[in-house]
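Data block below; observations after.
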Amino acid sequence: MSESRWLSRRRGTFLALGVATLTALSALTAQAAPASTPGIAANPNAVATVRAEVKAGTLLKTHGMMSACASTKVKLACLAEIATTGTSSTKALTATTPIGYGATDLEKAYSLTGGQAGTIAIIDAGAYPNLESDLATYRAQYGLPACTTASGCLTIADMNDGPPLQPAGDFLDQFIEEQVAVETALDVDMASASCPGCKIIELQLPDQDALVQGTNADQQTTDFGTAVNTAAKLGANAVSMSYQYPSDAFEETGTPGLDLFHPGMAVLASSGDGGYEGNQHNGWPNNLPWVTSVGGTSLYQSADGKSFSQVAWAQAGSGCETDLPPAIGQPPSVSAYCGGHRAASDISAVADLNTGVAVYDTYAPFSGQPFNWLLVGGTSVSSPFIAGVYARAGNLSQVIGPNTLYMDKPSDFTDVTVGANTPPNSGVGPAQLYTAGKGWDGPTGLGTPKGLTGF
């Protein structure tokens, strides 16, 4: 697609939003938490209550949920979910102190010790000038080593390894950047949590690449492919994408799909937050056979904090891609559930907002009202987290998509055998595609990390 056609389509999309959408954008500004408000941290009992709800997986009994990227008629493609102050509220639950699982919790939950200092690439949309300082706050909170641009630990660039994107000037682009900044903060925080010693490369796509515009995603997916190629050139061991787009032959076997084929680099994508997608097609890029599809679980912590347990997350994406062959390395016993085609997901980690993670984000160019600490969920949590596990383990020489996962022993992972993601396509296809059980299943794949052994 030519640049002029892309820009024309983008302008047309914005014009089509109309007065109703502009009103919704204005309302959203009023709903955000003001920077001067201390949030629930002003009440220690409230903080303790939320943290207890997260551990028990009961948060959404008293709080609501909204997508970070679809809270208005401007539909965006990232997959992060934000907790809200009440069950019917659209105001984000914010605080000046963490209220979800932090890096130390996650490292303990998945028994992550030792490992190597690899490099993780994260691909997101939009400028985020606060990224380095926000990441510094997150890492300092959990005693992680500093990761700065000056030290070479943190690299922020555009998709071609050019300078970081400049903040948007018009209000619609500023709105998009504010929305997707939650996704970006989540991604780099989770990569930090699973691999504190790793370098991080943040590659920024144009903010309009976050837009979902009908069934045509050619420009967005092409840009993702360019960024993955850049990540490989910069020496990334693993690259994570927490976005999902419609898929057709061009996305699958054209330039965008083929640009994601990089033996020796783990290429990961979120499986999606819409539950079981059916037994015919799945979203891009997690549907590609050479991409590791990362599903989601609910992560419960015992009252004494000494142990964790997991079930399949009810919204975790799963399904078949019958346009494509099995995932690389996926055995016939798994692909048979999809008639010999690609079955997702391959592996999983925490994603349920009920058991959500702490994320720090202060970039608010549209509203001027920073969130600070948020409670976030979605398979946008699990994909960058697993990317960090791959990079930390360091066994990348034979990696082509999820192949090495399927070469490992079942005992190398924690098998998740309880839960399901049945709505809205339950009963369509084999139950293993949407119900957790012994061995592989759609919502959780082979299971979750048990240390670094399986990677």
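In the structure tokens, chains take letters A, B, ... by order of appearance, with residues numbered from 1 within each chain and ligands from 1 in the order shown.
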**Item:** Exercise: Gly339 of chain A partners within 10 Å, only C-alpha atoms, chain neighbours under 4 positions left out, as a ChimeraX atom specification
**Value:** /A:279-280,320-322,325-326,332,334-335,343,429
**Message:** Need the shell around segment 202-207 of chain A: protein/DNA/RNA residues with any atom at most 7 Å away, counting only C-alpha atoms. Skip same-chain ones fewer than 3 positions apart. Format as a list in words?
**Reply:**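 That gives Ala121, Ile122, Ile123, Asp124, Ala125, Gly126, Ala127, Thr155, Ile156, Ala157, Asp158, Met159, Pro164, Leu165, Asp173, Ile176, Glu177, Ala210, Asp223 and Ala227 of chain A.
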Generate a file of the selected residues that holds C-alpha atoms, formatted as a PDB file, in the first residue's frame.
```pdb
ATOM      1  CA  ALA A 121      13.038  -6.544  21.820  1.00  0.00           C
ATOM      2  CA  ILE A 122       9.557  -5.138  22.352  1.00  0.00           C
ATOM      3  CA  ILE A 123       7.467  -3.750  19.481  1.00  0.00           C
ATOM      4  CA  ASP A 124       4.820  -1.133  20.241  1.00  0.00           C
ATOM      5  CA  ALA A 125       3.105   1.826  18.622  1.00  0.00           C
ATOM      6  CA  GLY A 126       3.524   5.513  19.350  1.00  0.00           C
ATOM      7  CA  ALA A 127       5.956   7.847  21.043  1.00  0.00           C
ATOM      8  CA  THR A 155      17.525   1.238  23.461  1.00  0.00           C
ATOM      9  CA  ILE A 156      14.550   3.240  22.190  1.00  0.00           C
ATOM     10  CA  ALA A 157      14.277   3.574  18.419  1.00  0.00           C
ATOM     11  CA  ASP A 158      11.791   3.617  15.576  1.00  0.00           C
ATOM     12  CA  MET A 159      11.100   0.501  13.524  1.00  0.00           C
ATOM     13  CA  PRO A 164      12.719   7.561  18.927  1.00  0.00           C
ATOM     14  CA  LEU A 165       9.415   8.913  17.674  1.00  0.00           C
ATOM     15  CA  ASP A 173      -2.708  11.063  17.862  1.00  0.00           C
ATOM     16  CA  ILE A 176      -3.752   7.051  20.752  1.00  0.00           C
ATOM     17  CA  GLU A 177      -0.318   7.540  22.313  1.00  0.00           C
ATOM     18  CA  ALA A 210      -2.292   0.666  16.577  1.00  0.00           C
ATOM     19  CA  ASP A 223       5.543  -2.328   9.806  1.00  0.00           C
ATOM     20  CA  ALA A 227      10.509  -3.937  13.249  1.00  0.00           C
TER      21      ALA A 227
END
```
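Every residue of segment 181-214 of chain A with a DSSP assignment of strand (DSSP E), taken from the backbone, is listed as Lys199, Ile200, Ile201, Glu202, Leu203, Gln204 and Leu205 of chain A.
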Residues from the last selection, all heavy atoms, saved as a PDB file, in the first residue's frame:
```pdb
ATOM      1  N   LYS A 199      19.161  -6.775  28.427  1.00  0.00           N
ATOM      2  CA  LYS A 199      18.990  -5.496  27.748  1.00  0.00           C
ATOM      3  C   LYS A 199      17.602  -5.466  27.121  1.00  0.00           C
ATOM      4  O   LYS A 199      17.037  -6.505  26.788  1.00  0.00           O
ATOM      5  CB  LYS A 199      20.052  -5.315  26.669  1.00  0.00           C
ATOM      6  CG  LYS A 199      21.480  -5.199  27.198  1.00  0.00           C
ATOM      7  CD  LYS A 199      22.463  -4.999  26.059  1.00  0.00           C
ATOM      8  CE  LYS A 199      23.875  -4.851  26.582  1.00  0.00           C
ATOM      9  NZ  LYS A 199      24.864  -4.659  25.469  1.00  0.00           N
ATOM     10  N   ILE A 200      17.067  -4.262  26.952  1.00  0.00           N
ATOM     11  CA  ILE A 200      15.741  -4.093  26.364  1.00  0.00           C
ATOM     12  C   ILE A 200      15.837  -3.150  25.173  1.00  0.00           C
ATOM     13  O   ILE A 200      16.423  -2.068  25.269  1.00  0.00           O
ATOM     14  CB  ILE A 200      14.741  -3.542  27.392  1.00  0.00           C
ATOM     15  CG1 ILE A 200      14.553  -4.536  28.542  1.00  0.00           C
ATOM     16  CG2 ILE A 200      13.393  -3.224  26.735  1.00  0.00           C
ATOM     17  CD1 ILE A 200      13.677  -4.010  29.662  1.00  0.00           C
ATOM     18  N   ILE A 201      15.264  -3.578  24.061  1.00  0.00           N
ATOM     19  CA  ILE A 201      15.155  -2.743  22.869  1.00  0.00           C
ATOM     20  C   ILE A 201      13.675  -2.443  22.646  1.00  0.00           C
ATOM     21  O   ILE A 201      12.883  -3.351  22.422  1.00  0.00           O
ATOM     22  CB  ILE A 201      15.722  -3.440  21.622  1.00  0.00           C
ATOM     23  CG1 ILE A 201      17.199  -3.802  21.818  1.00  0.00           C
ATOM     24  CG2 ILE A 201      15.542  -2.566  20.383  1.00  0.00           C
ATOM     25  CD1 ILE A 201      17.753  -4.704  20.715  1.00  0.00           C
ATOM     26  N   GLU A 202      13.280  -1.195  22.734  1.00  0.00           N
ATOM     27  CA  GLU A 202      11.904  -0.787  22.454  1.00  0.00           C
ATOM     28  C   GLU A 202      11.852  -0.163  21.061  1.00  0.00           C
ATOM     29  O   GLU A 202      12.470   0.877  20.802  1.00  0.00           O
ATOM     30  CB  GLU A 202      11.430   0.230  23.497  1.00  0.00           C
ATOM     31  CG  GLU A 202      10.103   0.891  23.185  1.00  0.00           C
ATOM     32  CD  GLU A 202       8.923  -0.068  23.161  1.00  0.00           C
ATOM     33  OE1 GLU A 202       8.970  -1.093  23.871  1.00  0.00           O
ATOM     34  OE2 GLU A 202       7.950   0.218  22.436  1.00  0.00           O
ATOM     35  N   LEU A 203      11.131  -0.820  20.145  1.00  0.00           N
ATOM     36  CA  LEU A 203      10.999  -0.348  18.768  1.00  0.00           C
ATOM     37  C   LEU A 203       9.607   0.235  18.582  1.00  0.00           C
ATOM     38  O   LEU A 203       8.607  -0.443  18.808  1.00  0.00           O
ATOM     39  CB  LEU A 203      11.253  -1.492  17.787  1.00  0.00           C
ATOM     40  CG  LEU A 203      12.671  -2.081  17.847  1.00  0.00           C
ATOM     41  CD1 LEU A 203      12.811  -3.277  16.915  1.00  0.00           C
ATOM     42  CD2 LEU A 203      13.717  -1.017  17.505  1.00  0.00           C
ATOM     43  N   GLN A 204       9.549   1.499  18.168  1.00  0.00           N
ATOM     44  CA  GLN A 204       8.294   2.231  18.107  1.00  0.00           C
ATOM     45  C   GLN A 204       7.774   2.339  16.677  1.00  0.00           C
ATOM     46  O   GLN A 204       8.452   2.872  15.794  1.00  0.00           O
ATOM     47  CB  GLN A 204       8.495   3.634  18.695  1.00  0.00           C
ATOM     48  CG  GLN A 204       8.934   3.633  20.149  1.00  0.00           C
ATOM     49  CD  GLN A 204       9.252   5.017  20.672  1.00  0.00           C
ATOM     50  OE1 GLN A 204       9.747   5.878  19.945  1.00  0.00           O
ATOM     51  NE2 GLN A 204       8.967   5.240  21.956  1.00  0.00           N
ATOM     52  N   LEU A 205       6.565   1.831  16.457  1.00  0.00           N
ATOM     53  CA  LEU A 205       5.881   1.980  15.183  1.00  0.00           C
ATOM     54  C   LEU A 205       5.082   3.277  15.179  1.00  0.00           C
ATOM     55  O   LEU A 205       4.757   3.813  16.241  1.00  0.00           O
ATOM     56  CB  LEU A 205       4.926   0.813  14.954  1.00  0.00           C
ATOM     57  CG  LEU A 205       5.497  -0.604  15.087  1.00  0.00           C
ATOM     58  CD1 LEU A 205       4.402  -1.622  14.766  1.00  0.00           C
ATOM     59  CD2 LEU A 205       6.683  -0.808  14.175  1.00  0.00           C
TER      60      LEU A 205
END
```
**Message:** Let me make sure I understand: among A:Ala336, A:Leu93, A:Ala316, A:Val54, which one has the smallest atom-to-atom distance to Asn372 of chain A if we use only C-alpha atoms?
**Reply:**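 Selected residue with least distance to Asn372 of chain A: A:Leu93.
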**Message:** Using only C-alpha atoms for the distances, tell me which of A:Gln220, A:Tyr360, A:Val418, A:Val376 is nearest to Ser133 of chain A.
**Reply:**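 Ranking A:Gln220, A:Tyr360, A:Val418, A:Val376 by distance to Ser133 of chain A, first place goes to A:Tyr360.
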Near Cys153 of chain A, within 12 Å and counting only C-alpha atoms, which residues show up once chain neighbours fewer than 4 positions away are dropped, as a short mmCIF file (atom, residue, chain, number, x, y, z; two decimals) with N, CA and C atoms, in the first residue's frame?
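The resulting file, selection_5.cif, is shown below:
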```
data_model
loop_
_atom_site.label_atom_id
_atom_site.label_comp_id
_atom_site.auth_asym_id
_atom_site.auth_seq_id
_atom_site.Cartn_x
_atom_site.Cartn_y
_atom_site.Cartn_z
N ALA A 117 22.35 -12.92 30.55
CA ALA A 117 21.96 -11.53 30.28
C ALA A 117 21.75 -11.37 28.79
N GLY A 118 20.57 -11.72 28.32
CA GLY A 118 20.26 -11.64 26.90
C GLY A 118 19.70 -10.28 26.52
N THR A 119 19.05 -10.25 25.36
CA THR A 119 18.46 -9.00 24.85
C THR A 119 17.03 -9.27 24.39
N ILE A 120 16.10 -8.47 24.89
CA ILE A 120 14.69 -8.61 24.56
C ILE A 120 14.25 -7.40 23.75
N ALA A 121 13.62 -7.63 22.61
CA ALA A 121 13.04 -6.54 21.82
C ALA A 121 11.53 -6.53 22.02
N GLU A 132 11.80 5.87 29.67
CA GLU A 132 13.00 5.56 30.45
C GLU A 132 12.79 5.85 31.93
N LEU A 135 10.25 3.31 33.42
CA LEU A 135 10.89 2.01 33.62
C LEU A 135 11.82 2.05 34.83
N ALA A 136 12.51 3.17 35.01
CA ALA A 136 13.41 3.31 36.17
C ALA A 136 12.63 3.21 37.47
N PRO A 145 18.29 -4.06 38.78
CA PRO A 145 19.38 -3.16 38.36
C PRO A 145 18.88 -2.10 37.40
N ALA A 146 19.49 -0.94 37.45
CA ALA A 146 19.09 0.15 36.55
C ALA A 146 19.29 -0.27 35.09
N CYS A 147 18.42 0.22 34.22
CA CYS A 147 18.52 -0.07 32.78
C CYS A 147 18.27 1.23 32.05
N THR A 148 19.34 1.87 31.59
CA THR A 148 19.25 3.20 31.01
C THR A 148 19.80 3.23 29.59
N THR A 149 19.44 4.27 28.87
CA THR A 149 19.99 4.45 27.52
C THR A 149 21.48 4.78 27.60
N SER A 192 11.32 -6.82 32.10
CA SER A 192 12.23 -6.58 33.23
C SER A 192 12.00 -7.59 34.34
N PRO A 196 15.72 -9.56 34.70
CA PRO A 196 16.25 -8.29 35.21
C PRO A 196 17.61 -7.92 34.63
N GLY A 197 18.40 -8.95 34.22
CA GLY A 197 19.73 -8.67 33.70
C GLY A 197 19.79 -8.47 32.20
N CYS A 198 18.66 -8.58 31.53
CA CYS A 198 18.62 -8.45 30.07
C CYS A 198 18.63 -6.99 29.62
N LYS A 199 19.16 -6.77 28.43
CA LYS A 199 18.99 -5.50 27.75
C LYS A 199 17.60 -5.47 27.12
N ILE A 200 17.07 -4.26 26.95
CA ILE A 200 15.74 -4.09 26.36
C ILE A 200 15.84 -3.15 25.17
N ILE A 201 15.26 -3.58 24.06
CA ILE A 201 15.15 -2.74 22.87
C ILE A 201 13.67 -2.44 22.65
N GLU A 202 13.28 -1.20 22.73
CA GLU A 202 11.90 -0.79 22.45
C GLU A 202 11.85 -0.16 21.06
#
```
**Prompt:** Nearest to Gly368 of chain A among A:Pro430, A:Pro402, A:Phe175, A:Leu211, with distances taken over only C-alpha atoms: which residue is it?
**Reply:** A:Phe175
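Of the residues under consideration (A:Pro384, A:Gly272, A:Pro331, A:Pro365), A:Pro365 shows the shortest atom-to-atom contact distance to Asp170 of chain A when counting only C-alpha atoms.
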Per residue of segment 134-229 of chain A within 8 Å of segment 346-359 of chain A, record the nearest atom pair and its distance in Å to one decimal, counting only C-alpha atoms, with rows in chain order and ascending residue number, as CSV.
```
residue,atom,partner,partner_atom,distance
A:Tyr138,CA,A:Val359,CA,7.3
A:Val182,CA,A:Val359,CA,8.0
A:Ala185,CA,A:Val359,CA,6.6
A:Leu186,CA,A:Val359,CA,5.7
A:Asp189,CA,A:Val359,CA,6.7
```
Take the residues from that selection and put them in a file with C-alpha atoms, as an mmCIF file, in the first residue's frame.
```
data_model
loop_
_atom_site.group_PDB
_atom_site.id
_atom_site.type_symbol
_atom_site.label_atom_id
_atom_site.label_comp_id
_atom_site.auth_asym_id
_atom_site.auth_seq_id
_atom_site.Cartn_x
_atom_site.Cartn_y
_atom_site.Cartn_z
ATOM 1 C CA TYR A 138 9.339 0.181 38.130
ATOM 2 C CA VAL A 182 -0.148 1.490 28.989
ATOM 3 C CA ALA A 185 4.840 0.269 29.932
ATOM 4 C CA LEU A 186 3.388 -3.181 30.584
ATOM 5 C CA ASP A 189 7.949 -3.918 32.888
#
```
**Request:** Determine, counting only C-alpha atoms, which protein, DNA and RNA residues have an atom within 12 Å of an atom of Asn282 of chain A; residues of the same chain fewer than 6 positions away are not included. Present the result as a ChimeraX atom specification.
**Result:** /A:244-248,251-252,270-276,288-289,293,317-324,338,341-345,442
**Request:** Go ahead and compute the interatomic distance for atom CA of Gln174 of chain A and atom CA of Pro129 of chain A, in Å to one decimal.
**Result:**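 About the pair atom CA of Gln174 of chain A and atom CA of Pro129 of chain A: they are 12.2 Å apart.
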**Fill in**
Gln310 of chain A proximity check over A:Thr85, A:Gly235, A:Gly447, A:Ala80, using only C-alpha atoms: winner is A:Gly447
**Prompt:** Do you know which residues are at most 8 Å from Ala387 of chain A counting only C-alpha atoms, after dropping those on the same chain fewer than 6 positions away, and could you put them as a list of chain:residue names?
**Reply:**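 Close residues of Ala387 of chain A: A:Ile120, A:Ala191, A:Ala238, A:Val239, A:Ser240, A:Ala266, A:Val267, A:Leu268.
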**Item:** Which of segment 82-329 of chain A fall in alpha helix (DSSP H), as a PyMOL selection string
**Value:** chain A and resi 103-109+131-141+171-194+218-233+249-253+255-259
**Message:** Neighbouring residues of Leu112 of chain A were defined as those with any atom within 8 Å, considering only C-alpha atoms; residues of the same chain fewer than 3 positions away were excluded. Please report them as a ChimeraX atom specification.
**Reply:** /A:107-108,194,450-452
**Asked** Which residues come within 9 Å of Asp259 of chain A, counting only C-alpha atoms, excluding same-chain residues fewer than 2 positions away, as number ranges by chain?
**Response** A: 222, 224-229, 254-257, 261-262
**Asked** Pick from A:His63, A:Gln166, A:Asn45, A:Asn286: nearest to Ala83 of chain A, with only C-alpha atoms counted?
**Response** A:His63
